[in-house]
file my_file_39.cif (mmCIF, C-alpha atoms)
data_start
loop_
_atom_site.label_atom_id
_atom_site.label_comp_id
_atom_site.auth_asym_id
_atom_site.auth_seq_id
_atom_site.Cartn_x
_atom_site.Cartn_y
_atom_site.Cartn_z
CA MET A 963 -171.01 88.49 102.80
CA GLU A 964 -168.48 85.68 103.10
CA LEU A 965 -169.68 82.21 104.01
CA ARG A 966 -167.14 82.09 106.82
CA THR A 967 -168.58 85.26 108.36
CA LEU A 968 -172.07 83.85 108.07
CA ARG A 969 -170.91 80.73 109.92
CA TYR A 970 -169.54 83.00 112.64
CA PHE A 971 -172.84 84.86 112.87
CA VAL A 972 -174.89 81.65 113.05
CA ALA A 973 -172.72 80.41 115.90
CA VAL A 974 -173.23 83.62 117.89
CA ALA A 975 -176.94 83.71 117.09
CA GLU A 976 -177.43 80.12 118.24
CA GLU A 977 -175.30 80.41 121.37
CA LEU A 978 -176.40 83.98 122.22
CA HIS A 979 -173.01 84.33 123.86
CA PHE A 980 -169.74 85.43 122.22
CA GLY A 981 -167.58 83.38 124.55
CA ARG A 982 -169.46 80.14 123.91
CA ALA A 983 -169.58 80.85 120.18
CA ALA A 984 -165.83 81.44 120.11
CA THR A 985 -165.27 78.14 121.93
CA ARG A 986 -167.57 76.36 119.48
CA LEU A 987 -165.64 77.84 116.55
CA HIS A 988 -162.26 77.20 118.20
CA MET A 989 -161.15 80.80 117.89
CA SER A 990 -160.60 83.66 120.30
CA GLN A 991 -163.38 86.10 121.09
CA PRO A 992 -161.91 89.43 119.82
CA PRO A 993 -161.67 88.44 116.11
CA LEU A 994 -165.16 86.94 116.32
CA SER A 995 -166.54 90.21 117.70
CA ARG A 996 -164.74 92.19 114.98
CA ALA A 997 -166.15 89.92 112.26
CA ILE A 998 -169.71 90.44 113.50
CA LYS A 999 -169.22 94.21 113.66
CA ARG A 1000 -167.90 94.22 110.07
CA LEU A 1001 -170.93 92.19 109.01
CA GLU A 1002 -173.27 94.67 110.68
CA ALA A 1003 -171.45 97.59 109.05
CA GLY A 1004 -171.62 95.95 105.63
CA LEU A 1005 -175.34 95.29 105.96
CA GLY A 1006 -176.08 98.63 107.56
CA ALA A 1007 -178.12 96.95 110.27
CA LEU A 1008 -177.73 96.06 113.91
CA LEU A 1009 -177.95 92.26 114.18
CA LEU A 1010 -177.30 91.71 117.86
CA THR A 1011 -177.85 93.68 121.03
CA ARG A 1012 -175.21 93.29 123.71
CA SER A 1013 -175.86 93.92 127.39
CA PRO A 1014 -174.64 92.63 130.77
CA ALA A 1015 -177.58 90.19 130.61
CA GLY A 1016 -176.23 88.64 127.42
CA VAL A 1017 -176.75 88.76 123.67
CA ALA A 1018 -180.10 88.97 121.86
CA LEU A 1019 -181.08 88.96 118.20
CA THR A 1020 -182.63 92.08 116.71
CA PRO A 1021 -185.42 91.70 114.14
CA ALA A 1022 -182.79 92.10 111.42
CA GLY A 1023 -180.65 89.47 113.09
CA THR A 1024 -183.55 87.03 113.22
CA VAL A 1025 -184.07 87.45 109.47
CA LEU A 1026 -180.37 87.02 108.75
CA LEU A 1027 -180.18 83.86 110.89
CA GLU A 1028 -182.91 82.24 108.79
CA GLU A 1029 -181.31 83.35 105.52
CA ALA A 1030 -177.78 82.45 106.63
CA ARG A 1031 -178.79 78.91 107.55
CA ALA A 1032 -180.41 78.49 104.15
CA LEU A 1033 -177.39 79.97 102.33
CA LEU A 1034 -174.93 77.76 104.19
CA GLU A 1035 -177.04 74.68 103.48
CA ARG A 1036 -177.19 75.54 99.77
CA ALA A 1037 -173.44 76.19 99.69
CA ASP A 1038 -172.73 72.81 101.28
CA ARG A 1039 -175.11 71.08 98.88
CA ALA A 1040 -173.53 72.84 95.90
CA ARG A 1041 -170.06 71.79 96.99
CA VAL A 1042 -171.07 68.14 97.12
CA ARG A 1043 -172.93 68.22 93.77
CA VAL A 1044 -170.13 70.01 91.94
CA GLY A 1045 -167.55 67.69 93.40
CA SER A 1046 -169.53 64.66 92.36
CA ALA A 1047 -170.02 66.00 88.82
CA ALA A 1048 -166.31 66.78 88.51
CA GLY A 1049 -165.30 63.40 89.90
CA THR A 1050 -163.56 65.11 92.81
CA ALA A 1051 -166.09 64.53 95.58
CA ALA A 1052 -164.40 64.45 98.97
CA LEU A 1053 -165.27 63.58 102.54
CA THR A 1054 -163.19 64.92 105.43
CA ILE A 1055 -163.28 62.72 108.52
CA GLY A 1056 -162.11 63.80 111.95
CA ILE A 1057 -160.72 61.05 114.18
CA LEU A 1058 -160.02 61.48 117.87
CA GLY A 1059 -156.68 59.70 118.18
CA GLU A 1060 -157.83 56.07 118.14
CA GLY A 1061 -156.42 54.83 114.86
CA THR A 1062 -155.48 51.50 116.47
CA ASP A 1063 -159.13 50.56 117.03
CA PRO A 1064 -159.84 47.51 114.78
CA ALA A 1065 -163.28 48.95 113.96
CA VAL A 1066 -161.61 51.95 112.28
CA GLY A 1067 -159.66 49.59 110.03
CA ARG A 1068 -162.83 47.70 109.09
CA LEU A 1069 -164.64 50.96 108.39
CA ALA A 1070 -161.83 52.29 106.20
CA ALA A 1071 -161.77 49.10 104.12
CA ALA A 1072 -165.56 49.00 103.72
CA TYR A 1073 -165.92 52.66 102.79
CA ARG A 1074 -163.01 52.58 100.37
CA ARG A 1075 -164.48 49.50 98.69
CA ASP A 1076 -167.96 51.00 98.30
CA HIS A 1077 -166.80 54.53 97.34
CA PRO A 1078 -163.74 54.10 95.11
CA GLY A 1079 -164.07 57.54 93.47
CA ILE A 1080 -164.27 59.55 96.70
CA ASP A 1081 -161.28 61.48 98.01
CA ILE A 1082 -161.12 60.64 101.74
CA ARG A 1083 -159.32 63.21 103.87
CA ILE A 1084 -158.43 62.52 107.49
CA ARG A 1085 -157.94 65.06 110.26
CA ASP A 1086 -156.45 63.59 113.43
CA THR A 1087 -157.15 65.76 116.46
CA ASP A 1088 -156.10 65.94 120.07
CA LEU A 1089 -158.19 65.65 123.23
CA THR A 1090 -159.06 69.34 123.48
CA ASP A 1091 -161.71 69.18 120.73
CA PRO A 1092 -164.06 66.21 121.01
CA THR A 1093 -165.83 67.22 117.76
CA CYS A 1094 -162.53 67.02 115.82
CA GLY A 1095 -163.01 70.40 114.13
CA LEU A 1096 -166.66 69.77 113.17
CA ARG A 1097 -167.97 73.01 114.64
CA ALA A 1098 -165.25 75.02 112.91
CA GLY A 1099 -166.12 73.49 109.54
CA LEU A 1100 -162.83 71.62 109.27
CA VAL A 1101 -164.42 68.17 108.88
CA ASP A 1102 -167.67 66.77 107.50
CA VAL A 1103 -168.09 63.98 110.05
CA ALA A 1104 -166.20 62.88 113.16
CA LEU A 1105 -165.44 59.57 114.84
CA THR A 1106 -165.13 60.52 118.47
CA ARG A 1107 -166.39 59.88 121.99
CA ALA A 1108 -169.26 61.45 123.87
CA PRO A 1109 -170.25 63.35 125.94
CA PHE A 1110 -169.81 66.88 124.60
CA ASP A 1111 -172.05 69.85 123.78
CA GLY A 1112 -174.38 68.45 121.11
CA THR A 1113 -176.01 71.74 120.11
CA ALA A 1114 -176.80 71.73 116.35
CA LEU A 1115 -175.10 68.33 115.98
CA THR A 1116 -176.44 64.84 115.29
CA ALA A 1117 -174.71 61.83 116.84
CA ARG A 1118 -175.03 58.10 116.26
CA THR A 1119 -173.75 55.80 119.01
CA LEU A 1120 -171.55 53.10 117.49
CA ARG A 1121 -170.31 51.29 120.60
CA THR A 1122 -169.97 51.62 124.37
CA ASP A 1123 -166.70 50.79 126.15
CA PRO A 1124 -165.94 50.27 129.85
CA VAL A 1125 -163.54 52.74 131.40
CA GLY A 1126 -160.46 52.19 133.53
CA VAL A 1127 -157.94 54.29 135.43
CA VAL A 1128 -154.32 54.57 134.27
CA LEU A 1129 -151.78 54.35 137.10
CA ARG A 1130 -148.09 53.82 137.57
CA ALA A 1131 -147.41 50.09 137.89
CA ASP A 1132 -145.85 50.65 141.34
CA ASP A 1133 -148.95 52.48 142.63
CA PRO A 1134 -150.61 50.47 145.44
CA LEU A 1135 -153.96 50.76 143.64
CA ALA A 1136 -152.52 49.16 140.50
CA ARG A 1137 -152.74 45.73 142.14
CA ARG A 1138 -156.52 45.95 142.47
CA ASP A 1139 -158.95 44.09 140.19
CA GLY A 1140 -161.36 47.02 140.20
CA LEU A 1141 -161.74 50.49 141.68
CA ARG A 1142 -164.47 53.00 142.49
CA LEU A 1143 -164.24 56.71 141.73
CA ALA A 1144 -164.44 57.57 145.43
CA GLU A 1145 -161.19 55.68 146.01
CA LEU A 1146 -159.44 58.14 143.71
CA ASP A 1147 -160.41 61.27 145.65
CA GLY A 1148 -157.47 63.39 146.73
CA ARG A 1149 -155.25 62.15 143.91
CA ARG A 1150 -153.80 64.35 141.18
CA TRP A 1151 -155.34 63.81 137.73
CA PHE A 1152 -154.36 64.97 134.30
CA ARG A 1153 -156.68 67.73 133.04
CA PHE A 1154 -157.53 69.38 129.72
CA PRO A 1155 -156.85 73.06 128.93
CA GLN A 1156 -159.23 75.84 129.96
CA GLY A 1157 -161.95 76.27 127.35
CA THR A 1158 -162.27 72.55 126.61
CA ASP A 1159 -165.90 71.42 126.27
CA PRO A 1160 -167.29 71.31 129.87
CA ALA A 1161 -169.27 68.07 129.41
CA TRP A 1162 -166.20 66.35 127.97
CA GLN A 1163 -163.94 67.66 130.71
CA SER A 1164 -166.38 66.64 133.45
CA TYR A 1165 -166.73 63.09 132.17
CA TRP A 1166 -162.99 62.42 131.99
CA ASN A 1167 -162.53 64.00 135.42
CA GLY A 1168 -165.04 61.61 136.97
CA GLY A 1169 -167.71 64.28 137.39
CA ARG A 1170 -165.86 66.66 139.70
CA PRO A 1171 -163.07 69.29 139.58
CA ARG A 1172 -159.55 67.86 139.74
CA ARG A 1173 -156.04 69.15 140.28
CA GLY A 1174 -153.06 68.20 138.17
CA PRO A 1175 -151.08 68.87 134.98
CA VAL A 1176 -152.74 69.93 131.73
CA VAL A 1177 -152.49 67.60 128.72
CA ARG A 1178 -153.69 67.64 125.12
CA ALA A 1179 -152.91 64.24 123.58
CA VAL A 1180 -153.15 60.57 124.52
CA GLN A 1181 -149.39 60.12 124.75
CA GLU A 1182 -149.13 63.22 126.94
CA CYS A 1183 -151.69 61.64 129.29
CA LEU A 1184 -149.72 58.39 129.55
CA GLN A 1185 -146.36 60.08 129.97
CA THR A 1186 -147.78 62.43 132.60
CA VAL A 1187 -148.91 59.43 134.65
CA LEU A 1188 -145.53 57.79 134.18
CA TRP A 1189 -143.43 60.81 135.12
CA ASN A 1190 -145.65 62.54 137.69
CA GLY A 1191 -147.57 59.69 139.29
CA THR A 1192 -150.87 61.35 138.39
CA LEU A 1193 -153.82 59.31 137.20
CA GLY A 1194 -156.47 59.57 134.52
CA LEU A 1195 -159.23 57.67 132.83
CA THR A 1196 -159.18 55.74 129.57
CA PRO A 1197 -161.61 53.59 127.56
CA LEU A 1198 -160.39 50.04 127.98
CA ALA A 1199 -161.02 49.31 124.29
CA ALA A 1200 -158.69 52.17 123.34
CA LEU A 1201 -155.70 50.23 124.67
CA GLY A 1202 -155.31 48.06 121.60
CA HIS A 1203 -151.60 48.82 121.77
CA ASP A 1204 -149.27 47.99 124.64
CA LEU A 1205 -148.97 50.49 127.43
CA PRO A 1206 -145.58 52.08 127.98
CA PRO A 1207 -143.56 50.05 130.49
CA GLY A 1208 -144.28 51.12 134.05
CA LEU A 1209 -148.02 51.74 133.61
CA ALA A 1210 -151.11 49.72 134.52
CA VAL A 1211 -154.85 50.04 133.97
CA VAL A 1212 -157.51 49.03 136.51
CA PRO A 1213 -161.22 48.90 135.52
CA LEU A 1214 -163.61 51.33 137.21
CA VAL A 1215 -166.71 49.54 138.43
CA ASP A 1216 -168.95 52.59 138.93
CA MET A 1217 -168.07 54.69 135.86
CA ALA A 1218 -170.58 55.14 133.05
CA PRO A 1219 -169.22 53.58 129.84
CA SER A 1220 -167.62 55.70 127.15
CA ARG A 1221 -169.68 56.04 123.95
CA VAL A 1222 -168.01 55.93 120.53
CA VAL A 1223 -170.08 58.11 118.20
CA ALA A 1224 -170.22 59.32 114.64
CA VAL A 1225 -171.26 62.98 114.71
CA TRP A 1226 -172.09 65.51 112.02
CA ASN A 1227 -173.73 68.91 111.66
CA GLU A 1228 -177.48 68.73 112.10
CA GLY A 1229 -179.25 68.92 108.75
CA ASP A 1230 -176.09 68.59 106.63
CA PRO A 1231 -177.39 67.29 103.25
CA ASN A 1232 -174.10 65.71 102.17
CA PRO A 1233 -175.03 62.18 101.01
CA LEU A 1234 -171.49 60.99 101.70
CA ILE A 1235 -172.08 61.56 105.41
CA ARG A 1236 -175.14 59.32 105.41
CA SER A 1237 -173.30 56.51 103.66
CA PHE A 1238 -170.34 56.93 106.02
CA VAL A 1239 -172.55 56.66 109.11
CA GLN A 1240 -174.23 53.54 107.72
CA ALA A 1241 -170.83 51.94 107.09
CA ALA A 1242 -169.59 52.96 110.54
CA THR A 1243 -172.64 51.47 112.23
CA ALA A 1244 -172.03 48.13 110.50
CA SER A 1245 -168.27 48.15 111.15
CA TYR A 1246 -168.57 48.84 114.89
CA ARG A 1247 -171.20 46.14 115.42
CA ARG A 1248 -168.81 43.33 114.50
#
call {"tool": "encode", "arguments": {"input": "my_file_39.cif", "output": "C-alpha cells"}}
result
Amino acid sequence: MELRTLRYFVAVAEELHFGRAATRLHMSQPPLSRAIKRLEAGLGALLLTRSPAGVALTPAGTVLLEEARALLERADRARVRVGSAAGTAALTIGILGEGTDPAVGRLAAAYRRDHPGIDIRIRDTDLTDPTCGLRAGLVDVALTRAPFDGTALTARTLRTDPVGVVLRADDPLARRDGLRLAELDGRRWFRFPQGTDPAWQSYWNGGRPRRGPVVRAVQECLQTVLWNGTLGLTPLAALGHDLPPGLAVVPLVDMAPSRVVAVWNEGDPNPLIRSFVQAATASYRR
C-alpha cells in the first residue's frame, strides 16, 4: 500500500463521494476510481459500496480508514523527526498570490530569524485552489483567505480586510465613494473555473451566480476588468501595489470582510506548523 493511495482512500472515505474527493485532491475522478479499485484488489476486500444514492464504507473500509489515518500520521511524524535529525527539516508554505502584503514580509523575517536551520519552501498558487495545495499534500501550511470547505482542516484567522469592487476608471460607478452589492446586479463579473471550491466561488461572486469570463490569477482578474469592462471583488488590503492604469476600486459597504487565515491539516503533528502559526499570528497583528 502506497501512502499516496491511502491519502486517496481517506479522501473518498471522508467525503463519501468520488467527485468531491477528486476536487479535494485536485485530480480528475477516473484515476482516483482506478486507484481505489487497485487498492481493493491488492487487499482482497471491498472497501466501498457504490450506488446511485452515493458511496458508503464497508466494514473493511471502516477498519482501513482508521488504520490509514494512523499510518499517515505516523509517516508525517517520521518525516519531520528524520528531517530534524538530519538537519534537513523543511516546511512547505502555500501562499495565495499576496506576496506584496507587508505582513508576509514581517512573517518571513521573523520565521527565518527563529528557525535558521529550516529549509523553507514556497508554493505560490492561483485563485482556483484556496487551500494552496494543502488537500493534495503539496504544502504543510497555507496563507490564504477564507471561506472554503474546511473539512479536516484547521484554520486560524490572522486578519480581516474590507472588500471593494474593481472597475474600469471610466465606469460611472467608479466615481462613487461606496457601493452596495445590489447596485452591481446585471453586470458581468469575472468567475473561477468549474470545480473551484463552492464556498470560495460564492463569496467572491457576492453570494449569487454570475455571468462573465473565467479567470485563474490576480492579474487575469485585473486585465479582464480592463479589457472587457467586467467587474470583480478584491480585498482592499491586497492592493499594496498600484493598480494598472485605467482601473479603480470602490469599497463595498455591505460585503462581509475577507479573512486572512493560516490553515493546515487537522491533527498534523508537525511542530514546525505550530511555530509558523504562532509567528503568523504575531506578524499579522502589527
call {"tool": "atom_distance", "arguments": {"input": "my_file_39.cif", "atom1": "atom CA of A:Asp1111", "atom2": "atom CA of A:Ala973"}}
result
13.2 Å
call {"tool": "resolve_selection", "arguments": {"input": "my_file_39.cif", "expression": "the PyMOL selection byres ((chain A and resi 1243-1247) around 6)", "output": "list in words"}}
result
Ala1065, Arg1068, Leu1069, Leu1120, Gln1240, Ala1241, Ala1242 and Arg1248 of chain A
call {"tool": "closest_residue", "arguments": {"input": "my_file_39.cif", "among": "A:Gly1169, A:Pro1155, A:Gly1006, A:Pro1124", "to": "A:Gly1140", "atoms": "all atoms listed in the file"}}
result
A:Pro1124
call {"tool": "resolve_selection", "arguments": {"input": "my_file_39.cif", "expression": "the PyMOL selection byres ((chain A and resi 1089) around 6)", "output": "list of chain:residue names"}}
result
A:Asp1088, A:Thr1090, A:Asp1091, A:Arg1178, A:Ala1179
call {"tool": "residues_around", "arguments": {"input": "my_file_39.cif", "residues": "A:Leu1141", "least_positions_apart": "2", "cutoff": "12 Å", "atoms": "all atoms listed in the file", "output": "PyMOL selection string"}}
result
chain A and resi 1125-1129+1134-1139+1143-1147+1195+1211-1217
call {"tool": "residues_near_point", "arguments": {"input": "my_file_39.cif", "point": "(-167.5, 90.6, 106.5)", "cutoff": "6 Å", "atoms": "only C-alpha atoms", "output": "PyMOL selection string"}}
result
chain A and resi 963+967+997+1000-1001
call {"tool": "write_last_selection", "arguments": {"input": "my_file_39.cif", "atoms": "C-alpha atoms", "output": "mmCIF file, in the coordinates of the input"}}
result
data_model
loop_
_atom_site.group_PDB
_atom_site.id
_atom_site.type_symbol
_atom_site.label_atom_id
_atom_site.label_comp_id
_atom_site.auth_asym_id
_atom_site.auth_seq_id
_atom_site.Cartn_x
_atom_site.Cartn_y
_atom_site.Cartn_z
ATOM 1 C CA MET A 963 -171.010 88.490 102.800
ATOM 2 C CA THR A 967 -168.580 85.260 108.360
ATOM 3 C CA ALA A 997 -166.150 89.920 112.260
ATOM 4 C CA ARG A 1000 -167.900 94.220 110.070
ATOM 5 C CA LEU A 1001 -170.930 92.190 109.010
#
call {"tool": "closest_atom_pairs", "arguments": {"input": "my_file_39.cif", "of": "stretch 1118-1235 of chain A", "to": "stretch 1051-1054 of chain A", "cutoff": "12 Å", "atoms": "only C-alpha atoms", "output": "CSV"}}
result
residue,atom,partner,partner_atom,distance
A:Trp1226,CA,A:Thr1054,CA,11.1
A:Asn1232,CA,A:Leu1053,CA,9.1
A:Pro1233,CA,A:Leu1053,CA,10.0
A:Leu1234,CA,A:Leu1053,CA,6.8
A:Ile1235,CA,A:Leu1053,CA,7.7
call {"tool": "atom_distance", "arguments": {"input": "my_file_39.cif", "atom1": "atom CA of A:Arg1085", "atom2": "atom CA of A:Pro1197"}}
result
21.1 Å
call {"tool": "atom_distance", "arguments": {"input": "my_file_39.cif", "atom1": "atom CA of A:Ile1082", "atom2": "atom CA of A:Ile1055"}}
result
7.4 Å
